[in-house]
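**Q** Sharing my_file.txt here; it has compact mmCIF, C-alpha atoms.
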# COMPACT_ATOMS: atom_id res chain seq x y z
CA MET X 1 12.35 10.78 19.34
CA ASP X 2 13.90 9.62 16.11
CA LYS X 3 12.63 6.35 14.80
CA VAL X 4 15.29 3.67 14.65
CA LEU X 5 15.68 1.90 11.31
CA LEU X 6 18.69 -0.26 11.98
CA LYS X 7 20.34 -1.20 15.24
CA ILE X 8 23.57 -3.18 15.21
CA GLU X 9 24.84 -4.35 18.60
CA ASN X 10 28.20 -5.96 19.33
CA LEU X 11 28.30 -7.61 15.91
CA HIS X 12 31.06 -10.18 15.43
CA ALA X 13 31.22 -11.90 12.05
CA GLY X 14 33.61 -13.43 9.60
CA ILE X 15 34.18 -15.86 6.79
CA ALA X 16 35.85 -19.26 6.65
CA GLY X 17 36.59 -19.24 10.37
CA LYS X 18 38.31 -15.85 10.30
CA GLU X 19 36.76 -13.10 12.43
CA ILE X 20 36.63 -9.80 10.52
CA LEU X 21 34.03 -7.74 12.41
CA LYS X 22 35.04 -7.54 16.06
CA GLY X 23 32.15 -5.90 17.82
CA ILE X 24 30.29 -3.30 15.73
CA ASP X 25 27.73 -0.97 17.31
CA LEU X 26 25.78 1.27 14.95
CA THR X 27 22.32 2.83 14.99
CA ILE X 28 20.67 4.42 11.98
CA ASN X 29 17.53 6.49 12.31
CA GLU X 30 14.96 7.36 9.68
CA GLY X 31 16.07 10.23 7.46
CA GLU X 32 19.78 9.80 8.14
CA VAL X 33 22.68 9.35 5.75
CA HIS X 34 25.67 7.59 7.29
CA ALA X 35 29.09 7.35 5.75
CA LEU X 36 31.33 4.43 6.54
CA MET X 37 34.98 5.05 5.81
CA GLY X 38 37.98 2.88 6.41
CA PRO X 39 41.15 1.47 4.92
CA ASN X 40 41.25 -1.71 2.85
CA GLY X 41 40.54 -4.79 4.95
CA ALA X 42 38.78 -2.82 7.69
CA GLY X 43 35.61 -4.89 7.28
CA LYS X 44 33.45 -2.46 5.27
CA SER X 45 32.43 -4.98 2.63
CA THR X 46 32.01 -7.70 5.26
CA LEU X 47 29.54 -5.49 7.09
CA SER X 48 27.45 -4.93 3.95
CA ALA X 49 27.64 -8.67 3.15
CA VAL X 50 26.45 -9.62 6.64
CA LEU X 51 23.64 -7.05 6.61
CA THR X 52 22.30 -8.27 3.26
CA GLY X 53 22.70 -11.96 4.13
CA ARG X 54 25.39 -13.10 1.74
CA PRO X 55 25.90 -16.86 2.19
CA ASP X 56 29.33 -17.91 3.52
CA PHE X 57 29.50 -15.08 6.05
CA VAL X 58 28.91 -16.24 9.60
CA VAL X 59 27.74 -14.13 12.53
CA THR X 60 29.31 -15.38 15.75
CA GLU X 61 27.99 -12.84 18.24
CA GLY X 62 25.70 -9.85 18.53
CA SER X 63 22.42 -8.78 16.98
CA VAL X 64 20.98 -6.68 14.16
CA THR X 65 17.45 -5.31 14.33
CA PHE X 66 15.85 -3.79 11.23
CA ARG X 67 12.53 -1.97 11.70
CA GLY X 68 12.11 -3.86 14.96
CA LYS X 69 12.71 -7.31 13.44
CA ASP X 70 15.62 -9.71 13.74
CA LEU X 71 17.44 -9.08 10.47
CA LEU X 72 19.88 -11.95 10.85
CA ALA X 73 17.04 -14.49 10.92
CA MET X 74 15.86 -13.44 7.45
CA SER X 75 16.88 -14.76 4.01
CA PRO X 76 18.39 -12.24 1.57
CA GLU X 77 15.07 -11.94 -0.28
CA GLU X 78 13.12 -11.40 2.95
CA ARG X 79 15.51 -8.56 3.84
CA ALA X 80 14.79 -6.98 0.45
CA TRP X 81 11.03 -7.30 1.00
CA GLU X 82 11.46 -5.62 4.38
CA GLY X 83 13.07 -2.66 2.58
CA LEU X 84 16.82 -3.26 2.57
CA PHE X 85 18.81 -2.60 -0.59
CA LEU X 86 22.46 -3.07 -1.49
CA SER X 87 24.01 -1.29 -4.45
CA PHE X 88 26.76 -3.63 -5.57
CA GLN X 89 30.25 -2.46 -6.19
CA TYR X 90 30.56 -5.03 -8.97
CA PRO X 91 27.07 -5.69 -10.36
CA ILE X 92 26.52 -9.10 -11.93
CA GLU X 93 25.72 -9.61 -15.62
CA ILE X 94 22.62 -11.66 -16.44
CA PRO X 95 22.53 -12.38 -20.20
CA GLY X 96 19.11 -13.17 -21.62
CA VAL X 97 17.22 -11.35 -18.84
CA SER X 98 16.16 -7.76 -19.53
CA ILE X 99 16.31 -5.07 -16.86
CA SER X 100 12.57 -4.62 -17.27
CA ASN X 101 11.80 -8.31 -16.68
CA PHE X 102 14.31 -8.54 -13.85
CA MET X 103 12.70 -5.65 -11.99
CA LYS X 104 9.21 -6.98 -12.67
CA SER X 105 10.20 -10.31 -11.07
CA ALA X 106 11.62 -8.47 -8.06
CA ILE X 107 8.60 -6.21 -7.61
CA ASN X 108 6.11 -9.04 -8.00
CA ALA X 109 8.00 -11.22 -5.53
CA LYS X 110 7.78 -8.42 -2.96
CA ARG X 111 4.07 -7.94 -3.70
CA LYS X 112 3.43 -11.67 -3.40
CA ALA X 113 5.15 -11.73 -0.02
CA ALA X 114 2.82 -8.92 1.08
CA GLY X 115 -0.22 -10.86 -0.17
CA LEU X 116 -0.75 -8.64 -3.20
CA LYS X 117 -1.45 -9.58 -6.82
CA ASP X 118 1.12 -9.03 -9.60
CA ILE X 119 1.49 -5.42 -10.66
CA ALA X 120 -0.77 -4.53 -13.63
CA PRO X 121 1.24 -4.16 -16.89
CA GLY X 122 0.12 -0.54 -17.37
CA ASP X 123 1.07 0.39 -13.82
CA TYR X 124 4.43 -1.28 -14.21
CA LEU X 125 5.16 0.64 -17.41
CA ARG X 126 4.29 3.93 -15.71
CA LEU X 127 6.52 3.10 -12.75
CA LEU X 128 9.36 2.11 -15.08
CA LYS X 129 9.13 5.38 -17.02
CA GLU X 130 8.90 7.51 -13.88
CA LYS X 131 11.98 5.93 -12.28
CA MET X 132 13.95 5.92 -15.51
CA ALA X 133 13.35 9.65 -15.78
CA MET X 134 14.38 10.07 -12.14
CA VAL X 135 17.82 8.56 -12.75
CA LYS X 136 18.10 10.11 -16.24
CA MET X 137 18.03 6.82 -18.06
CA LYS X 138 17.23 6.61 -21.76
CA GLY X 139 14.17 4.73 -23.02
CA GLU X 140 15.96 1.72 -24.51
CA PHE X 141 17.90 1.02 -21.33
CA ALA X 142 15.28 -1.18 -19.65
CA LYS X 143 15.19 -3.48 -22.69
CA ARG X 144 18.87 -4.32 -22.38
CA ASP X 145 20.06 -7.47 -20.64
CA VAL X 146 21.01 -6.84 -17.03
CA ASN X 147 24.50 -5.28 -16.98
CA VAL X 148 25.61 -7.11 -20.14
CA GLY X 149 28.17 -5.01 -21.99
CA PHE X 150 27.54 -2.03 -19.69
CA SER X 151 30.21 0.56 -19.02
CA GLY X 152 31.12 1.25 -15.40
CA GLY X 153 28.87 4.31 -15.37
CA GLU X 154 25.95 2.40 -16.90
CA LYS X 155 26.27 -0.34 -14.29
CA LYS X 156 26.24 2.27 -11.55
CA ARG X 157 23.19 3.98 -13.08
CA ASN X 158 21.46 0.60 -13.28
CA GLU X 159 22.07 -0.01 -9.57
CA ILE X 160 20.63 3.40 -8.69
CA PHE X 161 17.69 2.75 -11.04
CA GLN X 162 16.97 -0.54 -9.25
CA MET X 163 17.15 1.27 -5.93
CA ALA X 164 14.60 3.79 -7.21
CA MET X 165 12.31 1.02 -8.50
CA LEU X 166 12.34 -0.97 -5.27
CA GLU X 167 11.85 2.07 -3.00
CA PRO X 168 13.91 0.68 -0.13
CA VAL X 169 13.77 2.02 3.40
CA LEU X 170 17.49 1.53 3.97
CA SER X 171 20.03 1.52 1.13
CA ILE X 172 23.63 0.45 1.44
CA LEU X 173 25.83 1.85 -1.29
CA ASP X 174 29.13 0.04 -1.61
CA GLU X 175 31.37 2.52 -3.38
CA THR X 176 34.65 1.26 -1.99
CA ASP X 177 36.59 1.42 -5.23
CA SER X 178 34.55 3.78 -7.38
CA GLY X 179 36.07 6.91 -5.87
CA LEU X 180 38.22 7.68 -8.88
CA ASP X 181 35.38 7.64 -11.39
CA VAL X 182 33.87 11.13 -11.30
CA ASP X 183 30.84 10.26 -13.46
CA ALA X 184 29.94 7.25 -11.33
CA LEU X 185 30.15 9.35 -8.16
CA LYS X 186 27.79 11.93 -9.60
CA ILE X 187 25.27 9.26 -10.54
CA VAL X 188 25.37 7.90 -7.00
CA SER X 189 25.09 11.24 -5.24
CA ASP X 190 22.28 12.41 -7.55
CA GLY X 191 20.46 9.12 -6.91
CA VAL X 192 20.75 9.47 -3.16
CA GLU X 193 19.57 13.08 -3.39
CA ALA X 194 16.50 12.02 -5.39
CA LEU X 195 15.55 9.28 -2.96
CA ARG X 196 16.43 10.98 0.30
CA SER X 197 13.36 11.48 2.48
CA PRO X 198 12.45 11.75 6.18
CA GLN X 199 11.58 8.03 6.11
CA THR X 200 14.61 6.58 4.35
CA GLY X 201 18.16 5.89 5.49
CA PHE X 202 21.45 5.38 3.66
CA ILE X 203 24.80 3.84 4.45
CA VAL X 204 27.47 4.96 2.01
CA ILE X 205 30.63 2.90 2.12
CA THR X 206 33.64 4.63 0.68
CA HIS X 207 37.17 5.62 1.44
CA TYR X 208 37.08 8.64 -0.81
CA PRO X 209 36.02 11.85 0.96
CA SER X 210 35.11 13.47 -2.39
CA LEU X 211 31.88 11.43 -2.56
CA LEU X 212 30.85 12.77 0.82
CA GLU X 213 31.30 16.41 -0.10
CA SER X 214 28.32 16.21 -2.46
CA MET X 215 26.29 13.84 -0.28
CA LYS X 216 26.58 15.61 3.06
CA PRO X 217 26.15 12.68 5.45
CA ASP X 218 24.67 13.22 8.91
CA VAL X 219 27.19 10.93 10.54
CA VAL X 220 30.64 9.75 9.48
CA HIS X 221 32.10 6.56 10.93
CA VAL X 222 35.59 5.22 10.60
CA LEU X 223 35.89 1.45 10.55
CA LYS X 224 39.30 0.00 11.27
CA GLY X 225 40.36 -3.50 12.24
CA GLY X 226 36.74 -4.67 12.43
CA ARG X 227 35.67 -1.97 14.89
CA ILE X 228 34.20 1.50 14.58
CA VAL X 229 36.97 3.69 15.94
CA CYS X 230 35.45 7.12 15.37
CA ASN X 231 31.99 8.69 15.00
CA GLY X 232 31.40 12.29 14.03
CA GLY X 233 30.39 14.73 11.35
CA MET X 234 32.06 15.95 8.18
CA GLU X 235 35.11 16.94 10.23
CA VAL X 236 35.93 13.24 10.43
CA ALA X 237 35.92 12.95 6.63
CA GLU X 238 38.11 16.05 6.47
CA LYS X 239 40.56 14.47 8.89
CA VAL X 240 40.68 11.37 6.67
CA GLN X 241 41.26 13.66 3.70
CA SER X 242 44.14 15.49 5.32
CA SER X 243 45.89 12.78 7.30
CA GLY X 244 44.58 9.39 6.13
CA PHE X 245 43.48 6.53 8.36
CA GLU X 246 46.76 6.22 10.25
CA SER X 247 45.70 8.76 12.87
CA PHE X 248 42.60 6.84 13.93
CA MET Y 1 19.64 -21.37 -45.79
CA ALA Y 2 16.75 -21.24 -43.40
CA LEU Y 3 17.17 -22.41 -39.84
CA LYS Y 4 15.56 -25.80 -39.19
CA ILE Y 5 14.22 -26.53 -35.75
CA TYR Y 6 13.79 -30.04 -34.38
CA ILE Y 7 12.03 -31.09 -31.21
CA VAL Y 8 13.79 -34.27 -30.12
CA GLY Y 9 11.35 -37.17 -29.72
CA LYS Y 10 8.82 -35.51 -32.02
CA ASP Y 11 10.70 -34.54 -35.17
CA THR Y 12 13.13 -36.83 -36.96
CA ILE Y 13 16.61 -35.43 -37.05
CA PRO Y 14 18.58 -36.71 -40.05
CA SER Y 15 21.23 -39.13 -38.79
CA LYS Y 16 23.47 -38.77 -41.84
CA VAL Y 17 24.03 -35.60 -43.78
CA SER Y 18 26.46 -35.11 -46.66
CA LEU Y 19 27.07 -31.59 -47.84
CA GLY Y 20 28.55 -30.74 -51.24
CA ALA Y 21 30.06 -27.57 -52.67
CA GLY Y 22 28.43 -24.49 -51.18
CA GLU Y 23 25.72 -26.49 -49.39
CA GLU Y 24 24.69 -25.28 -45.98
CA MET Y 25 22.95 -26.83 -43.01
CA ASP Y 26 21.76 -24.82 -40.03
CA ILE Y 27 19.80 -26.68 -37.35
CA VAL Y 28 18.64 -26.15 -33.78
CA PHE Y 29 17.46 -29.06 -31.67
CA VAL Y 30 15.50 -28.94 -28.43
CA ALA Y 31 15.37 -31.84 -25.97
CA LEU Y 32 12.72 -31.23 -23.32
CA PRO Y 33 11.94 -33.06 -20.07
CA GLY Y 34 9.99 -36.31 -20.41
CA GLU Y 35 11.14 -39.51 -22.09
CA ASP Y 36 14.78 -40.35 -22.65
CA ARG Y 37 16.14 -38.36 -25.59
CA SER Y 38 18.86 -39.19 -28.00
CA VAL Y 39 20.39 -37.42 -30.96
CA ALA Y 40 23.08 -38.96 -33.16
CA MET Y 41 24.30 -37.19 -36.25
CA ASP Y 42 27.06 -37.81 -38.75
CA VAL Y 43 27.81 -34.80 -40.89
CA GLU Y 44 30.16 -35.06 -43.86
CA LEU Y 45 31.56 -31.91 -45.42
CA ASP Y 46 32.62 -33.15 -48.83
CA ALA Y 47 33.43 -30.13 -51.00
CA PRO Y 48 34.70 -26.59 -50.56
CA GLY Y 49 32.20 -24.07 -49.25
CA ALA Y 50 30.07 -26.64 -47.40
CA SER Y 51 28.98 -25.44 -44.02
CA ALA Y 52 27.21 -26.99 -41.05
CA GLN Y 53 25.89 -25.27 -37.98
CA ILE Y 54 24.39 -27.36 -35.19
CA ARG Y 55 22.99 -25.71 -32.13
CA GLY Y 56 20.83 -27.19 -29.45
CA LEU Y 57 19.72 -27.34 -25.87
CA TYR Y 58 18.53 -29.97 -23.46
CA ILE Y 59 16.73 -29.91 -20.14
CA ALA Y 60 16.93 -33.25 -18.35
CA THR Y 61 14.78 -33.86 -15.28
CA GLY Y 62 13.79 -36.72 -12.98
CA SER Y 63 15.57 -39.91 -14.01
CA GLN Y 64 15.68 -38.93 -17.68
CA LYS Y 65 18.65 -39.79 -19.91
CA VAL Y 66 19.86 -37.56 -22.71
CA ASP Y 67 22.51 -38.79 -25.16
CA LEU Y 68 23.95 -36.50 -27.77
CA THR Y 69 26.47 -37.64 -30.37
CA PHE Y 70 27.84 -35.50 -33.17
CA ASN Y 71 30.43 -36.62 -35.64
CA VAL Y 72 31.48 -33.85 -37.98
CA ARG Y 73 33.92 -34.85 -40.72
CA HIS Y 74 35.77 -32.29 -42.78
CA ASN Y 75 36.67 -34.43 -45.79
CA SER Y 76 37.39 -31.43 -47.98
CA GLY Y 77 39.18 -28.17 -47.39
CA GLY Y 78 37.48 -24.79 -47.20
CA CYS Y 79 34.52 -26.00 -45.16
CA HIS Y 80 33.06 -24.53 -42.02
CA SER Y 81 31.39 -26.19 -39.03
CA ARG Y 82 30.11 -24.85 -35.77
CA GLN Y 83 28.46 -26.58 -32.83
CA LEU Y 84 26.93 -25.02 -29.74
CA VAL Y 85 25.11 -27.28 -27.29
CA LYS Y 86 23.89 -26.11 -23.89
CA GLY Y 87 22.06 -28.17 -21.33
CA ILE Y 88 20.88 -28.55 -17.78
CA ALA Y 89 20.65 -31.83 -15.86
CA SER Y 90 18.61 -31.87 -12.67
CA GLY Y 91 17.09 -34.44 -10.31
CA SER Y 92 18.92 -37.72 -10.95
CA ALA Y 93 19.07 -37.18 -14.71
CA ARG Y 94 22.05 -38.25 -16.81
CA ALA Y 95 23.29 -36.41 -19.87
CA SER Y 96 26.13 -37.20 -22.18
CA PHE Y 97 27.68 -35.27 -25.02
CA TYR Y 98 30.10 -36.82 -27.47
CA GLY Y 99 31.31 -34.50 -30.17
CA LYS Y 100 34.02 -35.28 -32.65
CA ILE Y 101 35.56 -33.05 -35.25
CA TYR Y 102 37.59 -34.91 -37.85
CA VAL Y 103 39.73 -32.97 -40.30
CA ALA Y 104 41.22 -34.98 -43.17
CA GLN Y 105 44.83 -34.48 -44.28
CA ASP Y 106 43.84 -32.55 -47.40
CA ALA Y 107 41.20 -30.46 -45.71
CA GLN Y 108 43.22 -27.25 -45.51
CA LYS Y 109 41.57 -23.94 -44.59
CA THR Y 110 39.05 -25.76 -42.43
CA LYS Y 111 37.21 -23.79 -39.80
CA ALA Y 112 35.64 -25.91 -37.09
CA TYR Y 113 34.33 -24.87 -33.71
CA GLN Y 114 32.60 -26.80 -31.00
CA GLU Y 115 31.22 -25.70 -27.66
CA ASN Y 116 29.36 -27.75 -25.10
CA HIS Y 117 28.31 -26.13 -21.84
CA ASN Y 118 26.39 -27.87 -19.12
CA ILE Y 119 24.91 -27.10 -15.75
CA LEU Y 120 24.49 -29.61 -12.97
CA ALA Y 121 21.41 -28.33 -11.19
CA SER Y 122 21.36 -31.01 -8.50
CA GLU Y 123 23.67 -33.19 -6.43
CA LYS Y 124 22.51 -36.43 -8.05
CA ALA Y 125 22.52 -35.44 -11.71
CA ARG Y 126 25.40 -36.66 -13.87
CA ILE Y 127 26.89 -35.14 -17.00
CA ASP Y 128 29.64 -36.53 -19.22
CA THR Y 129 31.14 -34.52 -22.00
CA LYS Y 130 33.70 -35.81 -24.47
CA PRO Y 131 34.83 -33.30 -27.01
CA GLN Y 132 37.29 -34.77 -29.50
CA LEU Y 133 39.45 -33.24 -32.18
CA GLU Y 134 41.14 -35.40 -34.76
CA ILE Y 135 43.10 -33.17 -37.10
CA TYR Y 136 45.41 -34.29 -39.89
CA ALA Y 137 45.67 -31.03 -41.86
CA ASP Y 138 48.02 -28.27 -40.75
CA ASP Y 139 46.37 -25.08 -42.01
CA VAL Y 140 43.15 -25.09 -39.99
CA GLU Y 141 41.30 -23.02 -37.44
CA CYS Y 142 39.73 -25.31 -34.87
CA SER Y 143 38.61 -24.86 -31.30
CA HIS Y 144 36.55 -26.67 -28.78
CA GLY Y 145 35.39 -25.94 -25.30
CA ALA Y 146 33.42 -27.96 -22.83
CA THR Y 147 32.32 -26.98 -19.37
CA ILE Y 148 30.27 -28.52 -16.59
CA GLY Y 149 29.34 -26.12 -13.85
CA ARG Y 150 26.85 -25.29 -11.19
CA LEU Y 151 24.60 -22.26 -10.88
CA ASN Y 152 26.73 -19.27 -9.93
CA GLN Y 153 26.30 -18.23 -6.28
CA ASP Y 154 27.20 -14.57 -6.87
CA GLU Y 155 24.49 -14.26 -9.53
CA GLN Y 156 22.03 -15.93 -7.20
CA PHE Y 157 22.85 -13.58 -4.36
CA TYR Y 158 22.56 -10.54 -6.63
CA MET Y 159 19.03 -11.55 -7.59
CA ARG Y 160 17.99 -12.54 -4.07
CA SER Y 161 19.24 -9.19 -2.74
CA ARG Y 162 16.68 -7.60 -5.06
CA GLY Y 163 13.92 -9.69 -3.50
CA ILE Y 164 13.77 -12.49 -6.05
CA PRO Y 165 13.23 -15.76 -4.14
CA GLU Y 166 15.89 -18.44 -4.44
CA ALA Y 167 13.81 -20.75 -6.65
CA GLU Y 168 12.94 -17.93 -9.05
CA ALA Y 169 16.57 -16.78 -9.06
CA ARG Y 170 17.62 -20.29 -10.10
CA ARG Y 171 15.03 -20.27 -12.87
CA LEU Y 172 16.25 -16.90 -14.16
CA GLN Y 173 19.83 -18.18 -14.09
CA MET Y 174 18.82 -21.17 -16.19
CA ILE Y 175 16.97 -18.91 -18.66
CA SER Y 176 20.07 -16.76 -18.85
CA PHE Y 177 22.27 -19.81 -19.48
CA LEU Y 178 20.05 -21.22 -22.23
CA ALA Y 179 19.29 -17.86 -23.88
CA PRO Y 180 22.00 -18.07 -26.58
CA VAL Y 181 20.21 -21.12 -28.01
CA ALA Y 182 16.63 -20.55 -26.85
CA GLY Y 183 16.77 -17.08 -28.36
CA LEU Y 184 16.91 -18.72 -31.81
CA LEU Y 185 13.55 -20.43 -31.32
CA PRO Y 186 10.09 -19.11 -32.20
CA GLN Y 187 8.62 -17.41 -29.16
CA ASP Y 188 6.03 -20.09 -28.32
CA LEU Y 189 8.70 -22.80 -28.29
CA ALA Y 190 11.12 -20.64 -26.29
CA GLU Y 191 8.38 -20.10 -23.73
CA LYS Y 192 7.75 -23.84 -23.59
CA VAL Y 193 11.46 -24.35 -22.92
CA TYR Y 194 11.47 -21.76 -20.15
CA GLU Y 195 8.29 -23.15 -18.60
CA SER Y 196 9.79 -26.65 -18.48
CA LEU Y 197 12.58 -25.30 -16.23
CA SER Y 198 10.10 -25.40 -13.36
CA GLN Y 199 10.46 -29.20 -13.54
CA CYS Y 200 14.13 -28.99 -12.57
CA GLU Y 201 14.58 -30.24 -9.03
CA ASP Y 202 17.55 -29.70 -6.77
Any chance you could put this one into structure tokens?
**A**
Amino acid sequence: MDKVLLKIENLHAGIAGKEILKGIDLTINEGEVHALMGPNGAGKSTLSAVLTGRPDFVVTEGSVTFRGKDLLAMSPEERAWEGLFLSFQYPIEIPGVSISNFMKSAINAKRKAAGLKDIAPGDYLRLLKEKMAMVKMKGEFAKRDVNVGFSGGEKKRNEIFQMAMLEPVLSILDETDSGLDVDALKIVSDGVEALRSPQTGFIVITHYPSLLESMKPDVVHVLKGGRIVCNGGMEVAEKVQSSGFESF
Amino acid sequence: MALKIYIVGKDTIPSKVSLGAGEEMDIVFVALPGEDRSVAMDVELDAPGASAQIRGLYIATGSQKVDLTFNVRHNSGGCHSRQLVKGIASGSARASFYGKIYVAQDAQKTKAYQENHNILASEKARIDTKPQLEIYADDVECSHGATIGRLNQDEQFYMRSRGIPEAEARRLQMISFLAPVAGLLPQDLAEKVYESLSQCED
């Protein structure tokens, strides 16, 4: 039997007293890539916010289990240590903090939580180089301040680089609005291809079917009005392509 | 002219400076946690080509008080002044910034800029900022900006989502905020500044 990574049951959640998710059920097994499509306001970003523990979002009903543990009881950092990763649609700039130092802090925090010592400088450098090569990043990149002055494509590459560095078990890629940027889409699909394995899972949030053509998801879901209204294969994405979300 | 660095409470910062034709001053001050700190400077720009640049940072913790007063007077035209002061008040600390730019009637072609940015890192800390412009000439380029804010929640969440614990995320945010000034310091002093951030309490 497939091993379950994430199990969402009857999830109701919202922000500022307004319910946005109205009973989500979703199971993701190891090795699977899921696509989540839906019109604006369907609740796609709310779902990724709730899964990663963004403050201000409130869960009113239901449960989420990640690798057998209660995900909703964990802080955002604990979720990351457990192997959850969110690629931000709009990554934040952190002037004065280099990508290299930022990732070192993240990796050492995870190691500390697991009772391990800080990563040795030589090992870190090797890891950095290996992952930079994986996402086709140039040598100077890691010395730059996090996202400061980055183009859209560079920000996207930096998110995928961080995903590669942290080796998450389940990655959520929020690509809601990046569908028109061909370069950014290629970076994302190449990144997913490089990190795809029988042990890892992905949730790709988009409303552009073009991203899914290169990524070939195992399951496609349509989210509408805070509920999943359709589950299927690529034929669902094709239906979205040809007739939009109205028909769901 | 070479950059001069002053550690408040240890080095004596000149309280009155008069700059003549072509004379330049470029200083950075650092006010660290500990005893109450105060800086008061009067800078007179008396002849064309004089220029003054004052940059600095403070980190106020516990019940510490930090008082910063800068009075920059453009008595002559064709002078340039620039101020950039960034600081963090935590615990029940109090910080105040008073910065005045005076431009005399004849001081045409003056360029004067002032920025003061502050972060309230706790509920009980207090910050007052009073930027003042007093301009009597009409052909000048002057600006000032003052902000008091809190640590940005979106930044914090971004870092925490990568596995950086909340306290460390706050520390990185403070480093990021102070970097434009701390980056001017020799590395050992910059590290001392960054280390002292661990004394900031909610």
**Q** Which residue is closest to chain Y? Choose from X:Pro95, X:Pro209, X:Gly152, X:Gly226 and count only C-alpha atoms.
**A**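 Residue with the minimum atom-to-atom distance to chain Y: X:Pro95.
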**Q** Pull out every residue of chain X sitting within 6 Å of chain Y, counting only C-alpha atoms, and send them as a list in words.
**A**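 Result: Pro76, Glu77, Ala80, Trp81, Pro95, Gly96, Ala106 and Ala109 of chain X.
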**Q** Between CA of Gly53 in chain X and CA of Val219 in chain X, measure the distance and give it in Å to one decimal.
**A**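 Answer for the CA of Gly53 in chain X to CA of Val219 in chain X separation: 24.2 Å.
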**Q** Can you pull out every residue within 12 Å of Cys200 in chain Y, counting all atoms listed in the file, but drop anything in the same chain fewer than 2 positions away, and send it as a PyMOL selection string?
**A** chain Y and resi 32-34+58-64+87-93+119-122+125+167-168+170-171+174+193-198+202
**Q** Would you write out those residues with C-alpha atoms, as a PDB file, in the coordinates of the input?
**A**
ATOM      1  CA  LEU Y  32      12.720 -31.230 -23.320  1.00  0.00           C
ATOM      2  CA  PRO Y  33      11.940 -33.060 -20.070  1.00  0.00           C
ATOM      3  CA  GLY Y  34       9.990 -36.310 -20.410  1.00  0.00           C
ATOM      4  CA  TYR Y  58      18.530 -29.970 -23.460  1.00  0.00           C
ATOM      5  CA  ILE Y  59      16.730 -29.910 -20.140  1.00  0.00           C
ATOM      6  CA  ALA Y  60      16.930 -33.250 -18.350  1.00  0.00           C
ATOM      7  CA  THR Y  61      14.780 -33.860 -15.280  1.00  0.00           C
ATOM      8  CA  GLY Y  62      13.790 -36.720 -12.980  1.00  0.00           C
ATOM      9  CA  SER Y  63      15.570 -39.910 -14.010  1.00  0.00           C
ATOM     10  CA  GLN Y  64      15.680 -38.930 -17.680  1.00  0.00           C
ATOM     11  CA  GLY Y  87      22.060 -28.170 -21.330  1.00  0.00           C
ATOM     12  CA  ILE Y  88      20.880 -28.550 -17.780  1.00  0.00           C
ATOM     13  CA  ALA Y  89      20.650 -31.830 -15.860  1.00  0.00           C
ATOM     14  CA  SER Y  90      18.610 -31.870 -12.670  1.00  0.00           C
ATOM     15  CA  GLY Y  91      17.090 -34.440 -10.310  1.00  0.00           C
ATOM     16  CA  SER Y  92      18.920 -37.720 -10.950  1.00  0.00           C
ATOM     17  CA  ALA Y  93      19.070 -37.180 -14.710  1.00  0.00           C
ATOM     18  CA  ILE Y 119      24.910 -27.100 -15.750  1.00  0.00           C
ATOM     19  CA  LEU Y 120      24.490 -29.610 -12.970  1.00  0.00           C
ATOM     20  CA  ALA Y 121      21.410 -28.330 -11.190  1.00  0.00           C
ATOM     21  CA  SER Y 122      21.360 -31.010  -8.500  1.00  0.00           C
ATOM     22  CA  ALA Y 125      22.520 -35.440 -11.710  1.00  0.00           C
ATOM     23  CA  ALA Y 167      13.810 -20.750  -6.650  1.00  0.00           C
ATOM     24  CA  GLU Y 168      12.940 -17.930  -9.050  1.00  0.00           C
ATOM     25  CA  ARG Y 170      17.620 -20.290 -10.100  1.00  0.00           C
ATOM     26  CA  ARG Y 171      15.030 -20.270 -12.870  1.00  0.00           C
ATOM     27  CA  MET Y 174      18.820 -21.170 -16.190  1.00  0.00           C
ATOM     28  CA  VAL Y 193      11.460 -24.350 -22.920  1.00  0.00           C
ATOM     29  CA  TYR Y 194      11.470 -21.760 -20.150  1.00  0.00           C
ATOM     30  CA  GLU Y 195       8.290 -23.150 -18.600  1.00  0.00           C
ATOM     31  CA  SER Y 196       9.790 -26.650 -18.480  1.00  0.00           C
ATOM     32  CA  LEU Y 197      12.580 -25.300 -16.230  1.00  0.00           C
ATOM     33  CA  SER Y 198      10.100 -25.400 -13.360  1.00  0.00           C
ATOM     34  CA  ASP Y 202      17.550 -29.700  -6.770  1.00  0.00           C
TER      35      ASP Y 202
END
**Q** Between CA of Tyr98 in chain Y and CA of Ile148 in chain Y, what distance in Å does the model show, to one decimal?
**A** 13.7 Å
**Q** Please identify every residue of range 111-148 of chain Y that has at least one atom no farther than 12 Å from an atom of range 48-57 of chain Y, counting all atoms listed in the file, and for each give the shortest atom pair and the distance in Å to one decimal, arranged by chain then increasing number, as JSON lines.
**A**
{"residue": "Y:Lys111", "atom": "CA", "partner": "Y:Ser51", "partner_atom": "CA", "distance": 9.4}
{"residue": "Y:Ala112", "atom": "CA", "partner": "Y:Ala52", "partner_atom": "CA", "distance": 9.4}
{"residue": "Y:Tyr113", "atom": "CA", "partner": "Y:Gln53", "partner_atom": "CA", "distance": 9.5}
{"residue": "Y:Gln114", "atom": "CA", "partner": "Y:Ile54", "partner_atom": "CA", "distance": 9.2}
{"residue": "Y:Glu115", "atom": "CA", "partner": "Y:Arg55", "partner_atom": "CA", "distance": 9.4}
{"residue": "Y:Asn116", "atom": "CA", "partner": "Y:Gly56", "partner_atom": "CA", "distance": 9.6}
{"residue": "Y:His117", "atom": "CA", "partner": "Y:Leu57", "partner_atom": "CA", "distance": 9.6}
{"residue": "Y:Asn118", "atom": "CA", "partner": "Y:Leu57", "partner_atom": "CA", "distance": 9.5}
{"residue": "Y:Ile119", "atom": "CA", "partner": "Y:Leu57", "partner_atom": "CA", "distance": 11.4}
